file query-v1.tsv (TSV, C-alpha atoms and all ligand atoms)
chain	number	residue	atom	x	y	z
A	19	MET	CA	-0.38	-62.96	-22.81
A	20	SER	CA	-0.95	-60.80	-25.83
A	21	THR	CA	-1.50	-62.51	-29.14
A	22	PRO	CA	0.34	-60.77	-31.97
A	23	THR	CA	-1.74	-62.63	-34.56
A	24	GLN	CA	-5.10	-61.48	-33.16
A	25	ALA	CA	-7.61	-61.17	-36.03
A	26	PRO	CA	-10.51	-58.69	-35.77
A	27	ILE	CA	-13.20	-60.06	-33.42
A	28	THR	CA	-16.63	-60.07	-35.06
A	29	PHE	CA	-19.79	-61.40	-33.44
A	30	ASP	CA	-22.01	-64.03	-34.96
A	31	LEU	CA	-25.59	-63.13	-33.95
A	32	LYS	CA	-27.83	-66.11	-33.31
A	33	PRO	CA	-30.90	-64.75	-31.55
A	34	SER	CA	-33.16	-67.24	-29.83
A	35	ALA	CA	-36.01	-68.64	-31.96
A	36	THR	CA	-37.93	-69.33	-28.75
A	37	PRO	CA	-37.55	-66.40	-26.32
A	38	LEU	CA	-39.71	-66.60	-23.24
A	39	ALA	CA	-43.30	-65.45	-23.86
A	40	ASP	CA	-44.16	-61.94	-22.67
A	41	ALA	CA	-46.47	-63.07	-19.89
A	42	GLU	CA	-43.95	-65.59	-18.54
A	43	ARG	CA	-41.13	-63.02	-18.62
A	44	GLN	CA	-43.32	-60.47	-16.82
A	45	ALA	CA	-44.06	-63.09	-14.16
A	46	ARG	CA	-40.33	-63.69	-13.63
A	47	LEU	CA	-39.65	-59.95	-13.55
A	48	ALA	CA	-42.31	-59.42	-10.87
A	49	ASN	CA	-40.02	-60.49	-8.03
A	50	PRO	CA	-36.64	-61.36	-9.53
A	51	GLY	CA	-34.54	-61.33	-6.32
A	52	PHE	CA	-30.84	-61.58	-7.21
A	53	GLY	CA	-29.16	-64.04	-9.56
A	54	ARG	CA	-32.04	-66.52	-9.75
A	55	VAL	CA	-33.62	-65.69	-13.11
A	56	PHE	CA	-31.67	-65.53	-16.37
A	57	THR	CA	-32.48	-63.93	-19.71
A	58	ASP	CA	-32.92	-65.51	-23.15
A	59	HIS	CA	-29.37	-64.97	-24.39
A	60	MET	CA	-25.69	-65.16	-23.55
A	61	VAL	CA	-22.38	-64.17	-25.14
A	62	THR	CA	-19.49	-66.57	-25.67
A	63	ILE	CA	-15.99	-65.82	-27.02
A	64	ARG	CA	-13.26	-68.43	-27.25
A	65	TRP	CA	-9.53	-67.95	-26.86
A	66	THR	CA	-6.89	-70.45	-27.88
A	67	GLU	CA	-3.15	-70.09	-27.86
A	68	GLY	CA	-1.83	-69.02	-31.24
A	69	ARG	CA	-5.23	-67.94	-32.53
A	70	GLY	CA	-6.27	-65.57	-29.79
A	71	TRP	CA	-9.90	-64.45	-29.41
A	72	HIS	CA	-12.33	-65.93	-31.94
A	73	ASP	CA	-15.76	-67.50	-32.38
A	74	ALA	CA	-17.61	-64.61	-30.72
A	75	GLN	CA	-21.32	-65.37	-30.51
A	76	LEU	CA	-24.54	-64.00	-29.14
A	77	LYS	CA	-26.80	-67.01	-28.76
A	78	PRO	CA	-29.62	-68.57	-26.72
A	79	TYR	CA	-28.84	-69.10	-23.02
A	80	ALA	CA	-27.99	-72.77	-22.58
A	81	PRO	CA	-26.00	-75.12	-20.32
A	82	LEU	CA	-22.38	-75.92	-21.10
A	83	GLU	CA	-20.95	-79.37	-21.39
A	84	ILE	CA	-17.90	-79.78	-19.15
A	85	ASP	CA	-15.21	-82.43	-19.41
A	86	PRO	CA	-14.29	-83.87	-15.99
A	87	ALA	CA	-10.67	-82.89	-16.63
A	88	ASN	CA	-11.56	-79.26	-17.44
A	89	MET	CA	-8.66	-77.37	-15.85
A	90	THR	CA	-10.87	-74.79	-14.11
A	91	LEU	CA	-12.47	-77.53	-12.02
A	92	HIS	CA	-9.06	-78.51	-10.68
A	93	TYR	CA	-6.90	-75.38	-10.59
A	94	GLY	CA	-9.42	-72.55	-10.53
A	95	GLN	CA	-8.45	-70.16	-13.30
A	96	ALA	CA	-11.77	-68.33	-13.09
A	97	ILE	CA	-12.45	-64.58	-12.97
A	98	PHE	CA	-15.59	-62.49	-13.24
A	99	GLU	CA	-17.12	-59.04	-13.36
A	100	GLY	CA	-20.41	-57.49	-12.31
A	101	LEU	CA	-22.20	-54.47	-13.76
A	102	LYS	CA	-25.77	-53.37	-14.32
A	103	ALA	CA	-27.97	-51.97	-17.09
A	104	TYR	CA	-30.39	-49.33	-15.87
A	105	ARG	CA	-33.67	-48.20	-17.43
A	106	GLN	CA	-33.56	-44.45	-18.04
A	107	PRO	CA	-36.50	-42.01	-17.66
A	108	ASP	CA	-36.95	-41.80	-21.47
A	109	GLY	CA	-37.17	-45.60	-21.76
A	110	SER	CA	-33.61	-46.02	-23.03
A	111	VAL	CA	-31.07	-48.30	-21.29
A	112	SER	CA	-27.57	-47.42	-20.05
A	113	THR	CA	-24.79	-49.25	-18.25
A	114	PHE	CA	-22.47	-47.61	-15.73
A	115	ARG	CA	-18.73	-47.28	-16.53
A	116	PRO	CA	-18.45	-50.55	-18.53
A	117	THR	CA	-14.92	-49.72	-19.67
A	118	ALA	CA	-13.84	-49.75	-16.01
A	119	ASN	CA	-15.17	-53.31	-15.70
A	120	ALA	CA	-13.39	-54.22	-18.95
A	121	GLU	CA	-10.09	-52.86	-17.63
A	122	ARG	CA	-10.53	-54.65	-14.31
A	123	LEU	CA	-11.24	-57.96	-16.05
A	124	ARG	CA	-7.94	-57.48	-17.90
A	125	ALA	CA	-6.14	-56.80	-14.61
A	126	SER	CA	-7.70	-59.91	-13.03
A	127	ALA	CA	-6.68	-61.93	-16.10
A	128	ARG	CA	-3.06	-60.78	-15.78
A	129	ARG	CA	-2.94	-61.87	-12.13
A	130	LEU	CA	-4.27	-65.34	-12.97
A	131	ALA	CA	-2.05	-65.77	-16.06
A	132	MET	CA	-5.07	-65.64	-18.37
A	133	PRO	CA	-5.43	-63.81	-21.72
A	134	GLU	CA	-6.78	-60.25	-21.76
A	135	LEU	CA	-9.97	-59.50	-23.66
A	136	PRO	CA	-9.79	-56.18	-25.56
A	137	VAL	CA	-11.79	-53.44	-23.82
A	138	GLU	CA	-13.83	-52.66	-26.94
A	139	THR	CA	-14.78	-56.34	-27.36
A	140	PHE	CA	-15.97	-56.48	-23.74
A	141	VAL	CA	-18.09	-53.36	-24.25
A	142	GLU	CA	-19.48	-54.62	-27.57
A	143	ALA	CA	-20.42	-57.92	-25.93
A	144	VAL	CA	-22.27	-56.04	-23.17
A	145	GLU	CA	-24.10	-53.95	-25.77
A	146	LEU	CA	-25.14	-56.95	-27.86
A	147	LEU	CA	-26.48	-58.88	-24.87
A	148	VAL	CA	-28.43	-55.91	-23.47
A	149	GLN	CA	-29.84	-55.16	-26.93
A	150	ALA	CA	-30.94	-58.78	-27.39
A	151	ASP	CA	-32.49	-58.94	-23.91
A	152	GLU	CA	-33.77	-55.36	-23.65
A	153	ALA	CA	-37.22	-56.64	-22.64
A	154	TRP	CA	-35.58	-58.06	-19.49
A	155	VAL	CA	-34.39	-54.66	-18.22
A	156	PRO	CA	-36.83	-53.86	-15.40
A	157	ASN	CA	-38.76	-50.59	-15.38
A	158	GLU	CA	-39.27	-50.44	-11.61
A	159	PRO	CA	-37.23	-48.01	-9.47
A	160	GLU	CA	-33.99	-49.48	-8.03
A	161	GLN	CA	-34.32	-52.54	-10.29
A	162	SER	CA	-31.82	-53.30	-13.02
A	163	LEU	CA	-30.44	-55.98	-15.30
A	164	TYR	CA	-27.33	-57.43	-13.65
A	165	LEU	CA	-24.66	-58.49	-16.14
A	166	ARG	CA	-22.16	-61.17	-15.21
A	167	PRO	CA	-19.14	-61.36	-17.51
A	168	PHE	CA	-16.79	-64.21	-16.61
A	169	MET	CA	-13.93	-66.20	-18.01
A	170	PHE	CA	-12.44	-69.59	-17.26
A	171	ALA	CA	-10.03	-72.20	-18.59
A	172	THR	CA	-11.50	-74.76	-20.98
A	173	GLU	CA	-8.41	-76.84	-21.68
A	174	ILE	CA	-8.70	-80.48	-20.69
A	175	GLY	CA	-5.83	-81.94	-18.68
A	176	LEU	CA	-4.31	-82.16	-15.23
A	177	GLY	CA	-0.90	-80.60	-15.82
A	178	VAL	CA	-0.46	-77.55	-13.60
A	179	ARG	CA	0.23	-74.50	-15.79
A	180	PRO	CA	-1.79	-71.71	-17.42
A	181	ALA	CA	-4.38	-73.27	-19.73
A	182	ASN	CA	-4.06	-72.78	-23.48
A	183	GLU	CA	-7.83	-72.43	-24.03
A	184	TYR	CA	-10.39	-70.15	-22.37
A	185	LEU	CA	-14.02	-69.15	-22.66
A	186	PHE	CA	-15.28	-65.63	-21.96
A	187	MET	CA	-19.03	-65.34	-21.40
A	188	ILE	CA	-21.68	-62.88	-20.31
A	189	ILE	CA	-25.00	-63.88	-18.81
A	190	ALA	CA	-27.69	-61.50	-17.56
A	191	SER	CA	-30.10	-61.64	-14.65
A	192	PRO	CA	-32.80	-59.14	-13.66
A	193	ALA	CA	-32.19	-57.83	-10.15
A	194	GLY	CA	-34.84	-56.57	-7.74
A	195	ALA	CA	-34.45	-53.63	-5.37
A	196	TYR	CA	-31.81	-54.67	-2.82
A	197	PHE	CA	-33.74	-53.14	0.07
A	198	SER	CA	-37.42	-53.71	-0.63
A	199	GLY	CA	-38.65	-52.54	2.79
A	200	GLY	CA	-36.40	-49.48	3.20
A	201	VAL	CA	-32.66	-49.29	3.74
A	202	LYS	CA	-31.63	-51.53	6.61
A	203	PRO	CA	-28.18	-51.32	8.23
A	204	VAL	CA	-26.12	-54.50	8.48
A	205	SER	CA	-24.18	-55.83	11.44
A	206	VAL	CA	-20.59	-56.96	10.85
A	207	TRP	CA	-18.13	-59.40	12.42
A	208	LEU	CA	-14.44	-58.43	12.40
A	209	SER	CA	-12.71	-61.58	11.18
A	210	GLU	CA	-9.43	-62.29	12.98
A	211	ASP	CA	-9.17	-66.02	12.34
A	212	TYR	CA	-9.61	-65.91	8.58
A	213	VAL	CA	-8.10	-63.50	6.08
A	214	ARG	CA	-9.37	-62.73	2.60
A	215	ALA	CA	-6.16	-61.58	0.97
A	216	ALA	CA	-2.46	-61.25	1.70
A	217	PRO	CA	0.25	-59.04	0.17
A	218	GLY	CA	1.25	-60.61	-3.13
A	219	GLY	CA	-1.94	-62.69	-3.24
A	220	THR	CA	-5.04	-62.35	-5.39
A	221	GLY	CA	-7.01	-59.85	-3.29
A	222	ALA	CA	-7.05	-57.19	-6.02
A	223	ALA	CA	-8.26	-59.68	-8.65
A	224	LYS	CA	-11.95	-60.50	-9.02
A	225	CYS	CA	-11.39	-64.24	-9.03
A	226	ALA	CA	-13.74	-67.04	-8.03
A	227	GLY	CA	-11.25	-68.47	-5.52
A	228	ASN	CA	-11.38	-65.36	-3.35
A	229	TYR	CA	-15.07	-66.02	-2.85
A	230	ALA	CA	-14.58	-69.72	-2.13
A	231	ALA	CA	-12.07	-68.81	0.57
A	232	SER	CA	-14.46	-66.27	2.11
A	233	LEU	CA	-17.45	-68.53	2.71
A	234	VAL	CA	-16.30	-70.09	5.96
A	235	ALA	CA	-15.63	-66.63	7.42
A	236	GLN	CA	-19.08	-65.47	6.31
A	237	ALA	CA	-20.50	-68.54	8.08
A	238	GLU	CA	-18.55	-67.60	11.21
A	239	ALA	CA	-20.00	-64.07	11.03
A	240	ALA	CA	-23.51	-65.54	10.74
A	241	ALA	CA	-22.83	-67.79	13.75
A	242	LYS	CA	-21.89	-64.64	15.71
A	243	GLY	CA	-25.27	-63.16	14.77
A	244	CYS	CA	-23.84	-60.81	12.13
A	245	ASP	CA	-24.96	-60.18	8.55
A	246	GLN	CA	-21.49	-59.75	7.05
A	247	VAL	CA	-17.81	-60.34	7.64
A	248	VAL	CA	-15.25	-57.51	7.71
A	249	TRP	CA	-11.79	-58.45	6.46
A	250	LEU	CA	-8.64	-57.26	8.20
A	251	ASP	CA	-5.11	-57.21	6.85
A	252	ALA	CA	-3.28	-60.53	6.84
A	253	ALA	CA	-0.13	-59.47	8.71
A	254	GLU	CA	-1.43	-57.57	11.76
A	255	HIS	CA	-5.20	-58.26	11.76
A	256	ARG	CA	-5.50	-54.60	12.51
A	257	TRP	CA	-6.20	-52.63	9.32
A	258	ILE	CA	-9.70	-52.60	7.82
A	259	GLU	CA	-9.88	-53.91	4.26
A	260	GLU	CA	-13.39	-54.78	3.00
A	261	MET	CA	-16.82	-56.09	4.00
A	262	GLY	CA	-17.75	-59.37	2.30
A	263	GLY	CA	-17.74	-58.54	-1.41
A	264	MET	CA	-17.99	-54.78	-0.91
A	265	ASN	CA	-15.63	-51.89	-0.16
A	266	LEU	CA	-16.01	-49.83	3.03
A	267	TYR	CA	-16.34	-46.11	3.73
A	268	PHE	CA	-15.99	-44.20	7.00
A	269	VAL	CA	-17.47	-40.74	7.64
A	270	PHE	CA	-15.69	-38.57	10.22
A	271	GLY	CA	-17.48	-35.48	11.54
A	272	GLU	CA	-20.81	-34.13	10.42
A	273	GLY	CA	-22.46	-31.80	7.93
A	274	ALA	CA	-20.37	-29.72	5.53
A	275	ASP	CA	-17.20	-30.39	7.57
A	276	ALA	CA	-17.47	-34.16	7.26
A	277	LYS	CA	-14.58	-36.15	5.81
A	278	VAL	CA	-15.34	-39.25	3.76
A	279	VAL	CA	-12.58	-41.83	4.11
A	280	THR	CA	-12.00	-45.23	2.52
A	281	PRO	CA	-9.20	-47.76	3.08
A	282	GLU	CA	-6.38	-47.20	0.60
A	283	LEU	CA	-5.85	-49.77	-2.16
A	284	SER	CA	-3.11	-51.81	-0.57
A	285	GLY	CA	-2.93	-54.46	-3.27
A	286	ALA	CA	-5.05	-56.77	-1.10
A	287	LEU	CA	-8.28	-54.82	-1.67
A	288	LEU	CA	-10.54	-55.24	-4.67
A	289	PRO	CA	-10.58	-51.87	-6.46
A	290	GLY	CA	-14.35	-51.35	-6.61
A	291	ILE	CA	-15.82	-49.17	-9.33
A	292	THR	CA	-18.49	-48.00	-6.88
A	293	ARG	CA	-15.71	-47.13	-4.39
A	294	ASP	CA	-13.92	-45.12	-7.06
A	295	SER	CA	-17.13	-43.36	-8.18
A	296	LEU	CA	-18.03	-42.38	-4.61
A	297	LEU	CA	-14.68	-40.63	-4.08
A	298	THR	CA	-15.72	-38.35	-6.94
A	299	LEU	CA	-19.38	-38.00	-5.93
A	300	ALA	CA	-18.46	-37.18	-2.32
A	301	ALA	CA	-16.13	-34.44	-3.58
A	302	ASP	CA	-18.91	-33.18	-5.90
A	303	LEU	CA	-21.14	-32.84	-2.82
A	304	GLY	CA	-18.46	-30.75	-1.11
A	305	TYR	CA	-16.99	-33.30	1.28
A	306	ALA	CA	-13.29	-33.78	1.87
A	307	THR	CA	-12.21	-37.29	0.85
A	308	GLU	CA	-9.25	-39.40	1.80
A	309	GLU	CA	-7.82	-42.85	1.03
A	310	ARG	CA	-5.74	-44.10	3.93
A	311	LYS	CA	-5.31	-46.89	6.44
A	312	ILE	CA	-8.01	-47.24	9.11
A	313	SER	CA	-7.45	-49.53	12.10
A	314	THR	CA	-9.96	-51.49	14.14
A	315	ASP	CA	-8.89	-49.34	17.14
A	316	GLU	CA	-9.69	-46.14	15.24
A	317	TRP	CA	-13.09	-47.58	14.31
A	318	ARG	CA	-13.95	-48.55	17.91
A	319	GLU	CA	-12.61	-45.35	19.50
A	320	GLY	CA	-14.13	-43.15	16.78
A	321	ASN	CA	-17.56	-44.58	17.47
A	322	ALA	CA	-17.02	-44.33	21.24
A	323	THR	CA	-16.03	-40.63	21.13
A	324	GLY	CA	-18.41	-39.73	18.29
A	325	THR	CA	-15.75	-38.48	15.85
A	326	LEU	CA	-16.57	-41.38	13.49
A	327	THR	CA	-20.22	-40.79	12.62
A	328	GLU	CA	-21.13	-43.18	9.79
A	329	VAL	CA	-19.87	-46.36	8.14
A	330	PHE	CA	-21.17	-47.90	4.94
A	331	ALA	CA	-20.24	-50.53	2.36
A	332	CYS	CA	-20.49	-50.13	-1.41
A	333	GLY	CA	-20.56	-52.26	-4.54
A	334	THR	CA	-22.51	-52.79	-7.75
A	335	ALA	CA	-25.00	-55.32	-6.37
A	336	ALA	CA	-26.31	-53.32	-3.39
A	337	ALA	CA	-24.96	-49.83	-4.27
A	338	ILE	CA	-24.60	-48.56	-0.67
A	339	THR	CA	-25.36	-50.51	2.52
A	340	PRO	CA	-25.10	-48.78	5.92
A	341	VAL	CA	-23.19	-50.57	8.68
A	342	GLY	CA	-25.07	-50.26	11.98
A	343	ALA	CA	-23.28	-52.52	14.45
A	344	VAL	CA	-19.90	-54.18	14.95
A	345	LYS	CA	-19.00	-57.35	16.82
A	346	SER	CA	-15.47	-58.58	17.45
A	347	LYS	CA	-13.35	-60.59	19.87
A	348	GLY	CA	-12.46	-57.26	21.49
A	349	GLY	CA	-16.07	-56.17	22.04
A	350	ASP	CA	-19.26	-55.04	20.38
A	351	TRP	CA	-20.42	-51.51	19.56
A	352	LEU	CA	-22.87	-49.44	17.51
A	353	VAL	CA	-22.01	-47.11	14.64
A	354	GLY	CA	-23.68	-43.84	15.66
A	355	ASP	CA	-27.15	-44.83	16.91
A	356	GLY	CA	-27.19	-47.84	14.58
A	357	THR	CA	-29.44	-46.23	11.97
A	358	PRO	CA	-28.42	-45.11	8.43
A	359	GLY	CA	-26.49	-41.81	8.56
A	360	PRO	CA	-27.39	-38.70	6.54
A	361	ILE	CA	-24.22	-38.65	4.40
A	362	THR	CA	-24.57	-42.38	3.69
A	363	MET	CA	-28.11	-41.75	2.44
A	364	GLU	CA	-27.14	-38.60	0.54
A	365	LEU	CA	-24.39	-40.48	-1.32
A	366	ARG	CA	-26.70	-43.43	-1.92
A	367	ASN	CA	-29.40	-41.19	-3.41
A	368	ARG	CA	-26.86	-39.36	-5.54
A	369	LEU	CA	-25.40	-42.60	-6.93
A	370	LEU	CA	-28.78	-44.24	-7.59
A	371	SER	CA	-30.27	-41.16	-9.23
A	372	LEU	CA	-27.21	-40.78	-11.44
A	373	GLN	CA	-27.42	-44.42	-12.55
A	374	ALA	CA	-31.17	-44.11	-13.17
A	375	GLY	CA	-30.62	-40.95	-15.24
A	376	ARG	CA	-32.47	-38.67	-12.83
A	377	THR	CA	-29.50	-36.33	-12.24
A	378	PRO	CA	-27.07	-35.01	-14.86
A	379	ASP	CA	-24.24	-37.39	-15.74
A	380	THR	CA	-21.50	-34.79	-15.39
A	381	HIS	CA	-18.69	-37.37	-15.44
A	382	ASN	CA	-19.91	-39.22	-18.52
A	383	TRP	CA	-20.23	-42.47	-16.62
A	384	LEU	CA	-23.42	-43.69	-18.31
A	385	HIS	CA	-22.91	-45.71	-21.46
A	386	LYS	CA	-26.09	-45.58	-23.52
A	387	ILE	CA	-26.91	-48.90	-25.18
A	388	LEU	CA	-30.34	-48.36	-26.72
A	401	LIG	C1	-16.77	-56.79	-6.91
A	401	LIG	C2	-16.23	-56.52	-5.55
A	401	LIG	C3	-16.33	-55.26	-4.93
A	401	LIG	C4	-17.13	-54.12	-5.49
A	401	LIG	O1	-16.74	-53.71	-6.76
A	401	LIG	P1	-17.73	-52.83	-7.65
A	401	LIG	O2	-16.96	-52.60	-8.90
A	401	LIG	O3	-18.00	-51.58	-6.90
A	401	LIG	O4	-18.96	-53.65	-7.84
A	401	LIG	C5	-15.72	-55.08	-3.71
A	401	LIG	N1	-15.05	-56.09	-3.10
A	401	LIG	C6	-14.96	-57.31	-3.65
A	401	LIG	C7	-14.22	-58.37	-2.93
A	401	LIG	C8	-15.54	-57.57	-4.88
A	401	LIG	O5	-15.44	-58.80	-5.42
call {"tool": "encode", "arguments": {"input": "query-v1.tsv", "output": "structure tokens"}}
result
Amino acid sequence: MSTPTQAPITFDLKPSATPLADAERQARLANPGFGRVFTDHMVTIRWTEGRGWHDAQLKPYAPLEIDPANMTLHYGQAIFEGLKAYRQPDGSVSTFRPTANAERLRASARRLAMPELPVETFVEAVELLVQADEAWVPNEPEQSLYLRPFMFATEIGLGVRPANEYLFMIIASPAGAYFSGGVKPVSVWLSEDYVRAAPGGTGAAKCAGNYAASLVAQAEAAAKGCDQVVWLDAAEHRWIEEMGGMNLYFVFGEGADAKVVTPELSGALLPGITRDSLLTLAADLGYATEERKISTDEWREGNATGTLTEVFACGTAAAITPVGAVKSKGGDWLVGDGTPGPITMELRNRLLSLQAGRTPDTHNWLHKIL
């Protein structure tokens, strides 16, 4: 849905006249958790058919008024992104690969018949929000400012078709260290009754509906005593796809001879930016890497014989989470001895130190904002 008449998109800056007082902000930053506390500002950009993107604003964070016939509430044209701003050792602030998030938002938009925001507008919006809310970027190790870009239909009406009006927004939320008491492996339930994505479906799009459809499977995993659900392919319930809202990695062998393997992007998997970055970082560290299909049988047998040594999940929110135990209809087993593996931790440290600016950014992934 390109708009040939698109005028240049310029932002109207309306900083808050009443930002939160220093002491109050510090109190909220003390233990932010995840997604509970929001900053002083937000970005909004409107799109309407014929006019394209317009009315770009940075303004005080505030509720929206929603008409009961808002099309998103009924037909779910809603997509989102997730990225973080990291405090650097010199006090500056950088985000990680924001153009990759911008491109993925465009890909999600195409799948849901929504308009595509220009990459440079996405990145400018991220910059403006982080600049306005710089005081909200935590200074503590492993903390960050989580940015949530999202977009949804704003047209009012019940006719089923792509809406002719949308709102793109970014809000920001300080995020605490994911593992405050040391890295703790998760247990996973292999979901055979529910699937996340099917060929031709929306699995590769970061859309709200994928999450809505996942919640009952996550509840089933919890009922089985597991922390997370692992998704299998829709046709055979045999091939590993993802864990909850994170991609998965499998380490075969040990030491310098280890091979770091991740399920190939089948069209049903969400193409994670962390997943993509780790393929490069693992190669930088000297490991062989591979994207291919991995079956539940290979997982079980690999752990039984010891050829499969480590499993971990990855994504922006938690970076890298080790998988320690598996439960399924076909039986339960441990990954290794159930504790975080050395290559998992090596990759985790490499990724976190790169994002925090403690190791050289040889791939130019950090985008300095201020
Ligand atoms: C966002 C997401 C991921 C991880 O993507 P990153 O870009 O690494 O944060 C993985 N799987 C699903 C289903 C997701 O929604």
call {"tool": "residues_near_point", "arguments": {"input": "query-v1.tsv", "point": "(-12.9, -65.6, -16.4)", "cutoff": "6 Å", "atoms": "only C-alpha atoms", "output": "JSON, numbers by chain"}}
result
{"A": [96, 97, 98, 168, 169, 170]}
call {"tool": "write_last_selection", "arguments": {"input": "query-v1.tsv", "atoms": "C-alpha atoms", "output": "PDB file, keeping the file's coordinate frame"}}
result
ATOM      1  CA  ALA A  96     -11.770 -68.330 -13.090  1.00  0.00           C
ATOM      2  CA  ILE A  97     -12.450 -64.580 -12.970  1.00  0.00           C
ATOM      3  CA  PHE A  98     -15.590 -62.490 -13.240  1.00  0.00           C
ATOM      4  CA  PHE A 168     -16.790 -64.210 -16.610  1.00  0.00           C
ATOM      5  CA  MET A 169     -13.930 -66.200 -18.010  1.00  0.00           C
ATOM      6  CA  PHE A 170     -12.440 -69.590 -17.260  1.00  0.00           C
TER       7      PHE A 170
END
call {"tool": "closest_residue", "arguments": {"input": "query-v1.tsv", "among": "A:Glu99, A:Glu173, A:Glu83, A:Glu254", "to": "ligand LIG 401 (chain A)", "atoms": "all atoms listed in the file"}}
result
A:Glu99
call {"tool": "atom_distance", "arguments": {"input": "query-v1.tsv", "atom1": "atom CA of His72 of chain A", "atom2": "atom CA of Arg124 of chain A"}}
result
17.0 Å
call {"tool": "closest_atom_pairs", "arguments": {"input": "query-v1.tsv", "of": "chain A", "to": "ligand LIG 401 (chain A)", "cutoff": "6 Å", "atoms": "only C-alpha atoms and all ligand atoms", "output": "JSON lines"}}
result
{"residue": "A:Lys224", "atom": "CA", "partner": "A:LIG401", "partner_atom": "O5", "distance": 5.3}
{"residue": "A:Gly263", "atom": "CA", "partner": "A:LIG401", "partner_atom": "C6", "distance": 3.8}
{"residue": "A:Met264", "atom": "CA", "partner": "A:LIG401", "partner_atom": "C5", "distance": 3.6}
{"residue": "A:Asn265", "atom": "CA", "partner": "A:LIG401", "partner_atom": "C5", "distance": 4.8}
{"residue": "A:Leu288", "atom": "CA", "partner": "A:LIG401", "partner_atom": "N1", "distance": 4.9}
{"residue": "A:Gly290", "atom": "CA", "partner": "A:LIG401", "partner_atom": "O1", "distance": 3.4}
{"residue": "A:Ile291", "atom": "CA", "partner": "A:LIG401", "partner_atom": "O2", "distance": 3.6}
{"residue": "A:Thr292", "atom": "CA", "partner": "A:LIG401", "partner_atom": "O3", "distance": 3.6}
{"residue": "A:Arg293", "atom": "CA", "partner": "A:LIG401", "partner_atom": "O3", "distance": 5.6}
{"residue": "A:Gly333", "atom": "CA", "partner": "A:LIG401", "partner_atom": "O3", "distance": 3.5}
{"residue": "A:Thr334", "atom": "CA", "partner": "A:LIG401", "partner_atom": "O4", "distance": 3.7}
call {"tool": "write_last_selection", "arguments": {"input": "query-v1.tsv", "atoms": "C-alpha atoms", "output": "PDB file, keeping the file's coordinate frame"}}
result
ATOM      1  CA  LYS A 224     -11.950 -60.500  -9.020  1.00  0.00           C
ATOM      2  CA  GLY A 263     -17.740 -58.540  -1.410  1.00  0.00           C
ATOM      3  CA  MET A 264     -17.990 -54.780  -0.910  1.00  0.00           C
ATOM      4  CA  ASN A 265     -15.630 -51.890  -0.160  1.00  0.00           C
ATOM      5  CA  LEU A 288     -10.540 -55.240  -4.670  1.00  0.00           C
ATOM      6  CA  GLY A 290     -14.350 -51.350  -6.610  1.00  0.00           C
ATOM      7  CA  ILE A 291     -15.820 -49.170  -9.330  1.00  0.00           C
ATOM      8  CA  THR A 292     -18.490 -48.000  -6.880  1.00  0.00           C
ATOM      9  CA  ARG A 293     -15.710 -47.130  -4.390  1.00  0.00           C
ATOM     10  CA  GLY A 333     -20.560 -52.260  -4.540  1.00  0.00           C
ATOM     11  CA  THR A 334     -22.510 -52.790  -7.750  1.00  0.00           C
TER      12      THR A 334
END
call {"tool": "closest_residue", "arguments": {"input": "query-v1.tsv", "among": "A:Val278, A:Leu130, A:Leu266, A:Ala143", "to": "Gly221 of chain A", "atoms": "only C-alpha atoms"}}
result
A:Leu130
call {"tool": "atom_distance", "arguments": {"input": "query-v1.tsv", "atom1": "atom CA of Gly70 of chain A", "atom2": "atom CA of Ile387 of chain A"}}
result
26.9 Å
call {"tool": "atom_distance", "arguments": {"input": "query-v1.tsv", "atom1": "atom CA of Pro159 of chain A", "atom2": "atom CA of Asn119 of chain A"}}
result
23.5 Å
call {"tool": "closest_residue", "arguments": {"input": "query-v1.tsv", "among": "A:Arg366, A:Arg46, A:His381, A:His59", "to": "Ala337 of chain A", "atoms": "only C-alpha atoms"}}
result
A:Arg366
call {"tool": "residues_around", "arguments": {"input": "query-v1.tsv", "residues": "segment 342-357 of chain A", "least_positions_apart": "4", "cutoff": "8 Å", "atoms": "only C-alpha atoms", "output": "list of chain:residue names"}}
result
A:Lys202, A:Pro203, A:Val204, A:Ser205, A:Val206, A:Trp207, A:Leu208, A:Ser209, A:Lys242, A:Cys244, A:Arg318, A:Asn321, A:Gly324, A:Leu326, A:Thr327, A:Glu328, A:Val329
call {"tool": "residues_around", "arguments": {"input": "query-v1.tsv", "residues": "Asp40 of chain A", "least_positions_apart": "4", "cutoff": "10 Å", "atoms": "all atoms listed in the file", "output": "list in words"}}
result
Gln44, Ala45, Arg46, Ala153 and Trp154 of chain A
call {"tool": "residues_around", "arguments": {"input": "query-v1.tsv", "residues": "Ala131 of chain A", "least_positions_apart": "5", "cutoff": "10 Å", "atoms": "only C-alpha atoms", "output": "count of residues only"}}
result
7
call {"tool": "closest_residue", "arguments": {"input": "query-v1.tsv", "among": "A:Ala216, A:Ile189, A:Val144, A:Leu296", "to": "His385 of chain A", "atoms": "only C-alpha atoms"}}
result
A:Val144
call {"tool": "closest_residue", "arguments": {"input": "query-v1.tsv", "among": "A:Arg122, A:Asp108, A:Ile188, A:Ala41", "to": "Thr62 of chain A", "atoms": "all atoms listed in the file"}}
result
A:Ile188
call {"tool": "closest_residue", "arguments": {"input": "query-v1.tsv", "among": "A:Ala215, A:Leu163, A:Leu287, A:Ala223", "to": "Gly51 of chain A", "atoms": "all atoms listed in the file"}}
result
A:Leu163
call {"tool": "residues_around", "arguments": {"input": "query-v1.tsv", "residues": "Ser162 of chain A", "least_positions_apart": "3", "cutoff": "8 Å", "atoms": "only C-alpha atoms", "output": "VMD selection string"}}
result
chain A and resid 102 to 105 155 to 157 192 to 194
call {"tool": "residues_around", "arguments": {"input": "query-v1.tsv", "residues": "Ala253 of chain A", "least_positions_apart": "5", "cutoff": "12 Å", "atoms": "all atoms listed in the file", "output": "JSON, numbers by chain"}}
result
{"A": [210, 211, 212, 213, 214, 215, 216, 217, 218, 258, 286]}
